[in-house]
Amino acid sequence: MQSLNSKGLHSLSFLLVSDRLVVKKQHQDMRRVIRALDEAVDFIHLRPDQAKAQVAAYLSMSDDKLNWLWQDYLFRLSLNDSLLLRLKNQARWAQRTGLVEGPTPSYRHLLNPGPLVEATQKVSLLE
């Protein structure tokens with residue numbers, strides 16, 4: 001039986017979220033967390049077999065099952081316009097289904113690329 005390549009069919013994002021007060025009070029901690037995540041992503045790309053072995057051990061998962069799941073993941077740390085598009089689409093869906101009322105919010109001013117840029121020296125596409 002042939003397996004379909006599903007890479008890129010669906011996007012699952014994990015977001016780091018905080019309020020403005022936390023950003024001001026714990027800015028250095030945020031930078032350290034982001035730097036650690038960036039190093040983890042680099043590790044996954046530079047040593048994929050070792051990364052998979054660690055994940056499989058942590059999850060008590062067979063290598064075969066993890067290899068099958070792993071192919072669907074894109075490991076990266078970013079902040080770009082695709083996040084804004086997804087937020088807008090979710091807001092429109094919530095409006096259409098009656099979960100919320102009012103205009104679609106502008107999310108761009110809520111996103112703060114500062115800690116990401118400072119911790120990784122990567123350019124945010126939001127600026």
# chains A, B, ... in the order shown; residues from 1 in each chain; ligands from 1
>>> closest_atom_pairs(of="segment 20-101 of chain A", to="segment 106-115 of chain A", cutoff="9 Å", atoms="only C-alpha atoms", output="Markdown table")
| residue | atom | partner | partner_atom | distance |
| --- | --- | --- | --- | --- |
| A:Val23 | CA | A:Pro115 | CA | 8.7 |
| A:His27 | CA | A:Pro115 | CA | 7.3 |
| A:Gln28 | CA | A:Pro115 | CA | 8.4 |
| A:Met30 | CA | A:Pro115 | CA | 6.6 |
| A:Arg31 | CA | A:Pro115 | CA | 5.3 |
| A:Ile34 | CA | A:Pro115 | CA | 7.4 |
| A:Leu79 | CA | A:Pro113 | CA | 6.9 |
| A:Asp81 | CA | A:Arg108 | CA | 8.9 |
| A:Leu84 | CA | A:Tyr107 | CA | 6.6 |
| A:Leu87 | CA | A:Tyr107 | CA | 7.4 |
| A:Lys88 | CA | A:Tyr107 | CA | 7.8 |
>>> select_by_dssp(residues="segment 25-124 of chain A", states="alpha helix (DSSP H)", output="PyMOL selection string")
chain A and resi 25+27-46+48-59+63-70+81-96+114-120
>>> residues_around(residues="Val33 of chain A", least_positions_apart="4", cutoff="12 Å", atoms="only C-alpha atoms", output="list in words")
Leu16, Gln26, His27, Gln28, Asp29, Leu37, Asp38, Glu39, Ala40, Leu77, Pro115, Leu116, Glu118, Ala119 and Thr120 of chain A
>>> residues_around(residues="Asn67 of chain A", least_positions_apart="2", cutoff="12 Å", atoms="only C-alpha atoms", output="VMD selection string")
chain A and resid 48 to 49 51 to 53 55 to 56 61 to 65 69 to 73
>>> closest_residue(among="A:Phe43, A:Pro105, A:Leu99, A:Val22", to="Leu85 of chain A", atoms="only C-alpha atoms")
A:Pro105
>>> decode(residues="segment 47-83 of chain A", atoms="N, CA and C atoms", output="compact mmCIF listing (two decimals), in the first residue's frame")
# COMPACT_ATOMS: atom_id res chain seq x y z
N ARG A 47 20.71 17.17 13.65
CA ARG A 47 20.84 15.80 14.16
C ARG A 47 19.45 15.13 14.23
N PRO A 48 18.82 14.94 13.09
CA PRO A 48 17.44 14.43 13.11
C PRO A 48 17.31 13.04 13.75
N ASP A 49 18.27 12.17 13.54
CA ASP A 49 18.17 10.83 14.13
C ASP A 49 18.24 10.88 15.65
N GLN A 50 19.12 11.71 16.17
CA GLN A 50 19.24 11.86 17.62
C GLN A 50 17.99 12.52 18.20
N ALA A 51 17.47 13.52 17.50
CA ALA A 51 16.24 14.19 17.96
C ALA A 51 15.08 13.20 17.99
N LYS A 52 14.95 12.41 16.94
CA LYS A 52 13.87 11.42 16.90
C LYS A 52 14.01 10.41 18.02
N ALA A 53 15.23 9.97 18.28
CA ALA A 53 15.46 8.99 19.34
C ALA A 53 15.04 9.56 20.70
N GLN A 54 15.36 10.82 20.94
CA GLN A 54 14.99 11.44 22.21
C GLN A 54 13.47 11.57 22.34
N VAL A 55 12.81 11.98 21.26
CA VAL A 55 11.35 12.12 21.29
C VAL A 55 10.69 10.76 21.46
N ALA A 56 11.17 9.76 20.73
CA ALA A 56 10.60 8.41 20.84
C ALA A 56 10.75 7.88 22.26
N ALA A 57 11.89 8.09 22.86
CA ALA A 57 12.11 7.63 24.23
C ALA A 57 11.19 8.36 25.20
N TYR A 58 11.08 9.67 25.05
CA TYR A 58 10.25 10.47 25.95
C TYR A 58 8.78 10.07 25.85
N LEU A 59 8.32 9.80 24.63
CA LEU A 59 6.91 9.46 24.41
C LEU A 59 6.63 7.95 24.49
N SER A 60 7.68 7.16 24.71
CA SER A 60 7.54 5.69 24.71
C SER A 60 6.87 5.23 23.42
N MET A 61 7.39 5.71 22.30
CA MET A 61 6.82 5.44 20.99
C MET A 61 7.82 4.67 20.15
N SER A 62 7.34 3.76 19.33
CA SER A 62 8.24 3.00 18.46
C SER A 62 8.86 3.92 17.41
N ASP A 63 10.05 3.55 16.97
CA ASP A 63 10.73 4.32 15.93
C ASP A 63 9.90 4.39 14.65
N ASP A 64 9.27 3.27 14.30
CA ASP A 64 8.47 3.23 13.07
C ASP A 64 7.30 4.21 13.13
N LYS A 65 6.61 4.22 14.26
CA LYS A 65 5.47 5.12 14.39
C LYS A 65 5.94 6.58 14.38
N LEU A 66 7.01 6.88 15.10
CA LEU A 66 7.50 8.26 15.12
C LEU A 66 7.97 8.68 13.73
N ASN A 67 8.68 7.82 13.02
CA ASN A 67 9.12 8.16 11.66
C ASN A 67 7.94 8.46 10.75
N TRP A 68 6.86 7.70 10.91
CA TRP A 68 5.66 7.92 10.11
C TRP A 68 5.05 9.29 10.43
N LEU A 69 5.00 9.65 11.70
CA LEU A 69 4.43 10.94 12.10
C LEU A 69 5.36 12.11 11.78
N TRP A 70 6.64 11.89 11.94
CA TRP A 70 7.66 12.95 11.83
C TRP A 70 7.63 13.62 10.46
N GLN A 71 7.34 12.86 9.43
CA GLN A 71 7.38 13.40 8.07
C GLN A 71 6.38 14.53 7.84
N ASP A 72 5.36 14.61 8.67
CA ASP A 72 4.35 15.65 8.51
C ASP A 72 4.71 16.97 9.19
N TYR A 73 5.77 16.99 9.98
CA TYR A 73 6.11 18.18 10.74
C TYR A 73 7.18 19.02 10.06
N LEU A 74 6.98 20.32 10.11
CA LEU A 74 7.98 21.29 9.68
C LEU A 74 8.41 22.03 10.94
N PHE A 75 9.64 21.85 11.33
CA PHE A 75 10.12 22.48 12.55
C PHE A 75 10.78 23.80 12.20
N ARG A 76 10.18 24.88 12.68
CA ARG A 76 10.75 26.21 12.45
C ARG A 76 10.20 27.19 13.48
N LEU A 77 10.93 28.22 13.68
CA LEU A 77 10.54 29.28 14.61
C LEU A 77 10.40 30.53 13.77
N SER A 78 9.17 31.06 13.70
CA SER A 78 8.95 32.20 12.83
C SER A 78 7.76 33.02 13.28
N LEU A 79 7.69 34.19 12.74
CA LEU A 79 6.55 35.08 12.92
C LEU A 79 6.36 35.77 11.58
N ASN A 80 5.28 35.40 10.89
CA ASN A 80 5.10 35.95 9.55
C ASN A 80 3.62 36.16 9.24
N ASP A 81 3.36 36.60 8.03
CA ASP A 81 2.00 36.95 7.63
C ASP A 81 1.05 35.76 7.59
N SER A 82 1.57 34.53 7.49
CA SER A 82 0.66 33.39 7.48
C SER A 82 -0.08 33.28 8.81
N LEU A 83 0.57 33.67 9.91
CA LEU A 83 -0.11 33.68 11.21
C LEU A 83 -1.26 34.69 11.19
